[in-house]
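**Student:** Have a peek at structure.txt (compact mmCIF, C-alpha atoms).
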# COMPACT_ATOMS: atom_id res chain seq x y z
CA MET X 1 0.00 0.00 0.00
CA ASP X 2 1.19 3.47 -0.93
CA GLN X 3 0.64 5.65 2.17
CA ASN X 4 1.14 8.91 0.27
CA LYS X 5 -1.38 7.91 -2.40
CA ILE X 6 -3.90 6.78 0.24
CA GLY X 7 -3.40 10.03 2.16
CA LYS X 8 -4.05 12.19 -0.89
CA PHE X 9 -7.12 10.09 -1.70
CA ILE X 10 -8.54 10.54 1.83
CA SER X 11 -7.99 14.30 1.48
CA GLU X 12 -9.64 14.32 -1.94
CA CYS X 13 -12.67 12.36 -0.72
CA ARG X 14 -13.02 14.49 2.39
CA LYS X 15 -13.05 17.73 0.40
CA LYS X 16 -15.45 16.23 -2.11
CA LYS X 17 -17.85 15.51 0.76
CA GLY X 18 -17.39 19.07 2.05
CA LEU X 19 -15.88 17.90 5.35
CA THR X 20 -13.03 19.39 7.36
CA GLN X 21 -10.29 17.39 9.06
CA ASN X 22 -11.98 18.26 12.34
CA ASN X 23 -15.32 16.90 11.08
CA ILE X 24 -13.66 13.56 10.23
CA ALA X 25 -11.82 13.54 13.55
CA GLN X 26 -15.01 14.07 15.58
CA LYS X 27 -16.89 11.35 13.72
CA LEU X 28 -14.05 8.86 14.31
CA GLY X 29 -13.17 9.93 17.84
CA VAL X 30 -9.62 10.97 16.98
CA THR X 31 -7.78 14.30 16.78
CA ASP X 32 -7.63 16.49 13.69
CA LYS X 33 -3.83 16.09 13.90
CA SER X 34 -4.27 12.35 13.31
CA VAL X 35 -6.38 13.02 10.21
CA SER X 36 -3.73 15.48 9.02
CA LYS X 37 -1.04 12.78 9.38
CA TRP X 38 -3.12 10.34 7.33
CA GLU X 39 -3.60 12.84 4.54
CA ARG X 40 0.11 13.71 4.49
CA GLY X 41 1.02 10.05 4.16
CA ILE X 42 2.86 9.96 7.50
CA CYS X 43 0.80 7.03 8.74
CA LEU X 44 -2.38 5.08 8.05
CA PRO X 45 -5.53 5.10 10.17
CA ASP X 46 -5.87 2.34 12.76
CA VAL X 47 -7.35 -0.82 11.31
CA SER X 48 -10.39 -0.44 13.57
CA LEU X 49 -11.23 2.87 11.80
CA PHE X 50 -11.08 1.65 8.20
CA GLN X 51 -14.73 0.69 7.76
CA GLU X 52 -16.14 3.77 9.49
CA LEU X 53 -13.80 6.06 7.52
CA CYS X 54 -14.90 4.45 4.27
CA LYS X 55 -18.53 4.90 5.26
CA ILE X 56 -17.97 8.60 5.98
CA LEU X 57 -16.12 9.15 2.69
CA ASP X 58 -18.54 6.92 0.77
CA ILE X 59 -15.81 4.70 -0.65
CA SER X 60 -15.01 0.98 -0.44
CA LEU X 61 -12.16 -0.62 1.45
CA ASN X 62 -10.61 -1.60 -1.85
CA GLU X 63 -10.70 2.01 -3.01
CA LEU X 64 -9.17 3.18 0.28
CA PHE X 65 -6.30 0.68 -0.01
CA ALA X 66 -5.86 1.46 -3.70
CA GLY X 67 -5.87 5.19 -3.03
CA GLU X 68 -8.23 5.85 -5.94
CA TYR X 69 -11.78 5.36 -7.19
CA LEU X 70 -12.22 2.00 -8.89
CA LYS X 71 -14.40 0.91 -11.74
CA GLU X 72 -16.42 -2.22 -11.26
CA LYS X 73 -14.06 -4.29 -13.41
CA GLU X 74 -11.05 -3.19 -11.41
CA ILE X 75 -12.46 -4.13 -8.01
CA VAL X 76 -11.56 -7.84 -8.16
CA LYS X 77 -8.07 -7.14 -9.42
CA LYS X 78 -7.46 -4.45 -6.78
CA SER X 79 -8.91 -6.70 -4.08
CA GLU X 80 -6.29 -9.31 -4.86
CA GLU X 81 -3.54 -6.69 -4.95
CA ASN X 82 -4.67 -5.25 -1.63
CA ILE X 83 -4.73 -8.67 0.01
CA ILE X 84 -1.21 -9.36 -1.26
CA ASN X 85 -0.02 -5.94 -0.05
CA ILE X 86 -1.57 -6.47 3.37
CA ILE X 87 0.08 -9.88 3.64
CA LYS X 88 3.44 -8.39 2.64
CA LYS X 89 3.06 -5.57 5.13
CA GLU X 90 2.16 -7.99 7.91
CA ALA X 91 5.16 -10.13 7.00
CA ILE X 92 7.42 -7.08 7.29
CA ILE X 93 5.89 -6.17 10.66
CA ILE X 94 6.34 -9.73 11.91
CA LYS X 95 9.95 -9.78 10.69
CA LYS X 96 10.71 -6.50 12.46
CA TYR X 97 9.01 -7.81 15.59
CA LYS X 98 11.11 -10.98 15.49
CA ILE X 99 14.30 -8.94 15.06
CA LYS X 100 13.33 -6.77 18.02
CA MET X 101 12.58 -9.85 20.11
CA VAL X 102 15.97 -11.36 19.22
CA ILE X 103 17.71 -8.12 20.23
CA VAL X 104 15.74 -7.97 23.49
CA ALA X 105 16.57 -11.63 24.16
CA PHE X 106 20.30 -10.98 23.67
CA ILE X 107 20.12 -7.98 26.01
CA ILE X 108 18.30 -10.04 28.65
CA ILE X 109 20.79 -12.90 28.33
CA PHE X 110 23.71 -10.47 28.62
CA LEU X 111 22.21 -8.85 31.73
CA LEU X 112 21.49 -12.26 33.25
CA LEU X 113 25.05 -13.43 32.60
CA PHE X 114 26.50 -10.20 34.00
CA THR X 115 24.22 -10.27 37.03
CA SER X 116 24.81 -13.98 37.55
CA LYS X 117 28.58 -13.52 37.47
CA THR X 118 28.33 -10.63 39.95
CA LEU X 119 26.20 -12.72 42.30
CA LEU X 120 28.41 -15.79 41.91
CA VAL X 121 31.45 -13.71 42.84
CA LYS X 122 29.59 -12.03 45.70
CA TYR X 123 28.55 -15.34 47.23
CA GLY X 124 31.88 -17.05 46.78
CA LEU X 125 30.88 -19.35 43.94
CA MET X 126 33.14 -17.72 41.35
CA ILE X 127 36.41 -15.79 41.68
CA ASP X 128 36.86 -12.47 39.92
CA ASP X 129 40.11 -12.57 37.93
CA ASN X 130 41.16 -9.28 39.56
CA LEU X 131 40.86 -10.86 43.01
CA LYS X 132 42.83 -14.03 42.30
CA TYR X 133 46.38 -14.68 43.52
CA THR X 134 48.82 -12.73 41.31
CA GLN X 135 51.85 -11.99 43.51
CA LYS X 136 53.75 -13.08 46.60
CA TYR X 137 52.57 -11.79 49.92
CA ILE X 138 55.51 -9.97 51.52
CA VAL X 139 54.68 -7.55 54.32
CA ASN X 140 55.59 -3.90 53.60
CA ASN X 141 56.55 -4.77 50.03
CA GLY X 142 54.97 -2.91 47.08
CA ASN X 143 51.20 -2.53 47.46
CA ILE X 144 50.82 -5.36 50.02
CA LYS X 145 48.10 -4.63 52.60
CA GLY X 146 48.13 -5.78 56.23
CA GLU X 147 50.55 -7.96 58.15
CA VAL X 148 49.31 -11.52 57.71
CA ASP X 149 51.60 -14.22 59.16
CA ILE X 150 51.48 -16.54 56.16
CA ASN X 151 53.85 -19.03 57.83
CA TYR X 152 51.36 -19.53 60.66
CA PHE X 153 48.62 -20.47 58.19
CA GLU X 154 50.85 -22.82 56.22
CA LYS X 155 51.96 -24.61 59.40
CA ILE X 156 48.33 -25.49 60.04
CA SER X 157 47.89 -26.82 56.48
CA LEU X 158 49.72 -26.52 53.18
CA ASP X 159 46.28 -25.97 51.66
CA PHE X 160 46.28 -22.59 53.43
CA GLU X 161 49.11 -21.25 51.27
CA ILE X 162 48.72 -17.49 50.92
CA GLY X 163 49.65 -14.98 48.21
CA ALA X 164 48.22 -11.57 47.26
CA ASN X 165 45.82 -10.35 44.58
CA LYS X 166 46.48 -7.38 42.28
CA TYR X 167 45.22 -4.99 44.97
CA GLY X 168 47.73 -6.31 47.52
CA TYR X 169 45.27 -8.12 49.77
CA ALA X 170 46.12 -11.55 51.17
CA VAL X 171 44.30 -14.39 49.40
CA PHE X 172 44.58 -18.16 49.41
CA LYS X 173 46.33 -19.46 46.31
CA ASN X 174 43.56 -22.04 46.01
CA PRO X 175 40.51 -20.59 47.84
CA ASN X 176 38.19 -23.55 47.22
CA LYS X 177 40.74 -26.10 48.38
CA ALA X 178 41.57 -23.98 51.45
CA PHE X 179 37.85 -23.58 52.26
CA ASN X 180 37.12 -27.31 52.03
CA THR X 181 40.12 -28.19 54.22
CA PHE X 182 39.07 -25.51 56.70
CA LYS X 183 35.55 -26.94 56.98
CA LYS X 184 36.94 -30.38 57.80
CA LYS X 185 39.62 -29.28 60.28
CA TYR X 186 37.43 -26.77 62.12
CA ASN X 187 34.11 -28.58 61.93
CA LYS X 188 33.58 -28.64 65.73
CA VAL X 189 34.25 -24.94 66.32
CA ILE X 190 32.10 -24.04 63.31
CA LYS X 191 29.21 -25.98 64.88
CA ALA X 192 29.85 -24.22 68.20
CA ILE X 193 29.63 -20.79 66.54
CA LYS X 194 26.46 -21.85 64.69
CA ARG X 195 24.88 -23.09 67.92
CA GLU X 196 25.74 -20.06 70.07
CA PHE X 197 24.69 -17.40 67.55
CA LYS X 198 21.87 -19.39 65.89
CA LEU X 199 23.37 -19.08 62.40
CA LEU X 200 22.46 -20.84 59.17
CA PRO X 201 24.52 -23.93 58.28
CA PHE X 202 28.07 -23.01 57.30
CA SER X 203 28.75 -22.67 53.56
CA ASN X 204 30.32 -20.30 51.05
CA LEU X 205 26.98 -18.46 51.08
CA THR X 206 26.86 -17.92 54.84
CA TYR X 207 30.54 -17.71 55.84
CA LYS X 208 30.44 -13.94 56.45
CA SER X 209 28.26 -14.39 59.54
CA TYR X 210 30.78 -16.88 60.93
CA LYS X 211 33.59 -14.40 60.23
CA ILE X 212 31.75 -11.75 62.25
CA TYR X 213 30.82 -13.96 65.21
CA GLY X 214 33.81 -16.32 65.29
CA TRP X 215 36.01 -14.27 67.62
CA GLN X 216 33.01 -13.65 69.94
CA LEU X 217 32.49 -17.35 70.80
CA THR X 218 32.26 -17.95 74.56
CA ASN X 219 30.15 -21.09 75.02
CA GLY X 220 32.48 -23.55 73.29
CA THR X 221 35.13 -25.72 74.89
CA GLU X 222 38.43 -24.07 75.81
CA GLU X 223 40.00 -25.37 72.61
CA GLU X 224 37.04 -24.22 70.50
CA ASN X 225 37.17 -20.74 72.02
CA LYS X 226 40.86 -20.52 71.05
CA GLN X 227 40.16 -21.72 67.53
CA ALA X 228 37.25 -19.31 67.07
CA SER X 229 39.47 -16.27 66.53
CA PHE X 230 41.33 -18.18 63.81
CA VAL X 231 37.98 -18.85 62.13
CA SER X 232 37.47 -15.08 61.77
CA SER X 233 41.04 -14.58 60.52
CA PHE X 234 40.76 -17.38 57.98
CA LEU X 235 37.41 -16.20 56.64
CA ASP X 236 38.65 -12.62 56.40
CA ILE X 237 41.39 -13.77 54.00
CA TYR X 238 38.99 -16.10 52.19
CA GLU X 239 36.61 -13.18 51.60
CA ASN X 240 39.38 -11.21 49.85
CA SER X 241 39.00 -13.56 46.89
CA PHE X 242 35.39 -12.40 46.40
CA ASN X 243 35.35 -8.84 47.71
CA ASN X 244 37.54 -5.92 46.62
CA LYS X 245 37.95 -3.91 49.81
Show me, as structure tokens, the structure contained in the file I just sent.

**Tutor:**
Amino acid sequence: MDQNKIGKFISECRKKKGLTQNNIAQKLGVTDKSVSKWERGICLPDVSLFQELCKILDISLNELFAGEYLKEKEIVKKSEENIINIIKKEAIIIKKYKIKMVIVAFIIIFLLLFTSKTLLVKYGLMIDDNLKYTQKYIVNNGNIKGEVDINYFEKISLDFEIGANKYGYAVFKNPNKAFNTFKKKYNKVIKAIKREFKLLPFSNLTYKSYKIYGWQLTNGTEEENKQASFVSSFLDIYENSFNNK
């Protein structure tokens, strides 16, 4: 369908009937600006208005779509052309809609992946490359932060080997391995902290609560109370792999 041709035809028919754009607008329940846009070929009337518009202008739908008055012999031919044009137009609309949906889907997938990665890092399920071990941890050397006694940790277990990330914070060279070993070796004191402070079961999703309350343990055995402060120290270093301070 030729929008410009249809627009000129609507204008021609309107004037022939002695109607103003405002008259048409009032009869159809639209604004005169809408009618003006139709006649200038900027857009077509809404499908729901076609029949009523044709009735007002005393033309057929075929004539509206053709943008001209039709002789009786031409009606069948134009009907077929109009149907084909409508089908083509719908196909174009559907194609554009599909393209838009694909673009929206890609955007959603990208946001989900980005958000998922952020959450996975936040909850200790994935390590940000910037927070991984990249250098040796030597106190007062370069950008190293804090004064962690790495020898003390390694005496407890070789799995607790410590280095530093690009920001200079102490991190375990293998956080997951260190975390799993820690859970096994300090299982009793972890349970004591959970019991005293009514915490959720210990995991890489809940460890921060244990880091906060570990050094405050008072109701454990003497040995557990001593180990509790180490729990906080260990988890503080473990958190460095998932949180850029």

**Student:** Show which residues sit within 12 Å of Ile156 in chain X, as a PyMOL selection string. Count only C-alpha atoms, and ignore same-chain residues fewer than 5 positions away.

**Tutor:** chain X and resi 149-151+161+178+181-182+185-186+227+230+234

**Student:** Between CA of Glu239 in chain X and CA of Leu205 in chain X, what is the distance in Å, rounded to a tenth?

**Tutor:**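 Going from CA of Glu239 in chain X over to CA of Leu205 in chain X, I get 11.0 Å.
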
**Student:** What separation in Å, quoted to one decimal, exists between CA of Lys100 in chain X and CA of Gln3 in chain X?

**Tutor:** 23.8 Å

**Student:** In terms of the shortest atom-to-atom distance over all atoms listed in the file, which of X:Ile103, X:Ala164, X:Ala66, X:Cys13 is closest to Leu53 in chain X?

**Tutor:** X:Cys13

**Student:** Do you know which residues lie at most 10 Å from (30.6, -15.5, 58.2), with coordinates as in the file and all atoms listed in the file counted, and could you write them as a VMD selection string?

**Tutor:** chain X and resid 193 to 194 199 to 200 202 to 214 231 to 232 235 to 236 239

**Student:** For Lys177 in chain X, which residue among X:Phe9, X:Tyr238, X:Tyr152, X:Trp215 is the nearest when counting only C-alpha atoms?

**Tutor:** X:Tyr238

**Student:** Glu224 in chain X: which residues within 7 Å, counting all atoms listed in the file, same-chain residues fewer than 4 positions away excluded, as a list in words?

**Tutor:**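 Skipping anything fewer than 4 positions along the chain leaves Val189, Gly220 and Ala228 of chain X.
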
**Student:** Do you know which residues are at most 8 Å from Lys145 in chain X counting only C-alpha atoms, after dropping those on the same chain fewer than 6 positions away, and could you put them as a PDB file with C-alpha atoms, in the coordinates of the input?

**Tutor:**
ATOM      1  CA  VAL X 139      54.680  -7.550  54.320  1.00  0.00           C
ATOM      2  CA  GLY X 168      47.730  -6.310  47.520  1.00  0.00           C
ATOM      3  CA  TYR X 169      45.270  -8.120  49.770  1.00  0.00           C
ATOM      4  CA  ALA X 170      46.120 -11.550  51.170  1.00  0.00           C
TER       5      ALA X 170
END

**Student:** Mind giving me the straight-line distance from CA of Glu223 in chain X to CA of Val148 in chain X in Å, one decimal?

**Tutor:**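 Computing the Euclidean distance for CA of Glu223 in chain X and CA of Val148 in chain X yields 22.4 Å.
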
**Student:** Could you give me the centre and size, in Å to one decimal, of an axis-aligned box around all listed atoms of range 218-221 of chain X with 3 Å added on every side, as JSON?

**Tutor:**
{"center_x": 32.6, "center_y": -21.8, "center_z": 74.2, "size_x": 11.0, "size_y": 13.8, "size_z": 7.7}

**Student:** Given the choices X:Val47, X:Leu28, X:Val35, X:Ile42, which gets closest to Lys5 in chain X if the distance is worked out from all atoms listed in the file?

**Tutor:**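 So, comparing all the options, the nearest one is X:Ile42.
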
**Student:** Compile the contact shell of Lys17 in chain X as a list in words: residues with an atom at most 10 Å away, counting only C-alpha atoms, same-chain residues fewer than 3 positions apart removed.

**Tutor:** Ser11, Glu12, Cys13, Arg14, Thr20, Ile56, Leu57 and Asp58 of chain X

**Student:** Which residue, X:Lys166, X:Asp32, X:Asn130, X:Ile109, has the smallest gap to Ile144 in chain X when you use only C-alpha atoms?

**Tutor:**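 Answer, going by the shortest atom-to-atom distance: X:Lys166.
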
**Student:** Near Leu49 in chain X, counting only C-alpha atoms, which residues have an atom at most 12 Å away, once you skip same-chain residues fewer than 6 positions from it, shown as a compact mmCIF listing (two decimals) with C-alpha atoms, keeping the file's coordinate frame?

**Tutor:**
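File result.txt, as written:
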# COMPACT_ATOMS: atom_id res chain seq x y z
CA ILE X 24 -13.66 13.56 10.23
CA ALA X 25 -11.82 13.54 13.55
CA LYS X 27 -16.89 11.35 13.72
CA LEU X 28 -14.05 8.86 14.31
CA GLY X 29 -13.17 9.93 17.84
CA VAL X 30 -9.62 10.97 16.98
CA SER X 34 -4.27 12.35 13.31
CA VAL X 35 -6.38 13.02 10.21
CA TRP X 38 -3.12 10.34 7.33
CA LYS X 55 -18.53 4.90 5.26
CA ILE X 56 -17.97 8.60 5.98
CA LEU X 61 -12.16 -0.62 1.45
CA LEU X 64 -9.17 3.18 0.28

**Student:** Measuring between only C-alpha atoms, which one of X:Phe242, X:Phe197, X:Phe179, X:Tyr133 shows the shortest distance to Gly163 in chain X?

**Tutor:**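 Of all the options, X:Tyr133 lies closest to Gly163 in chain X.
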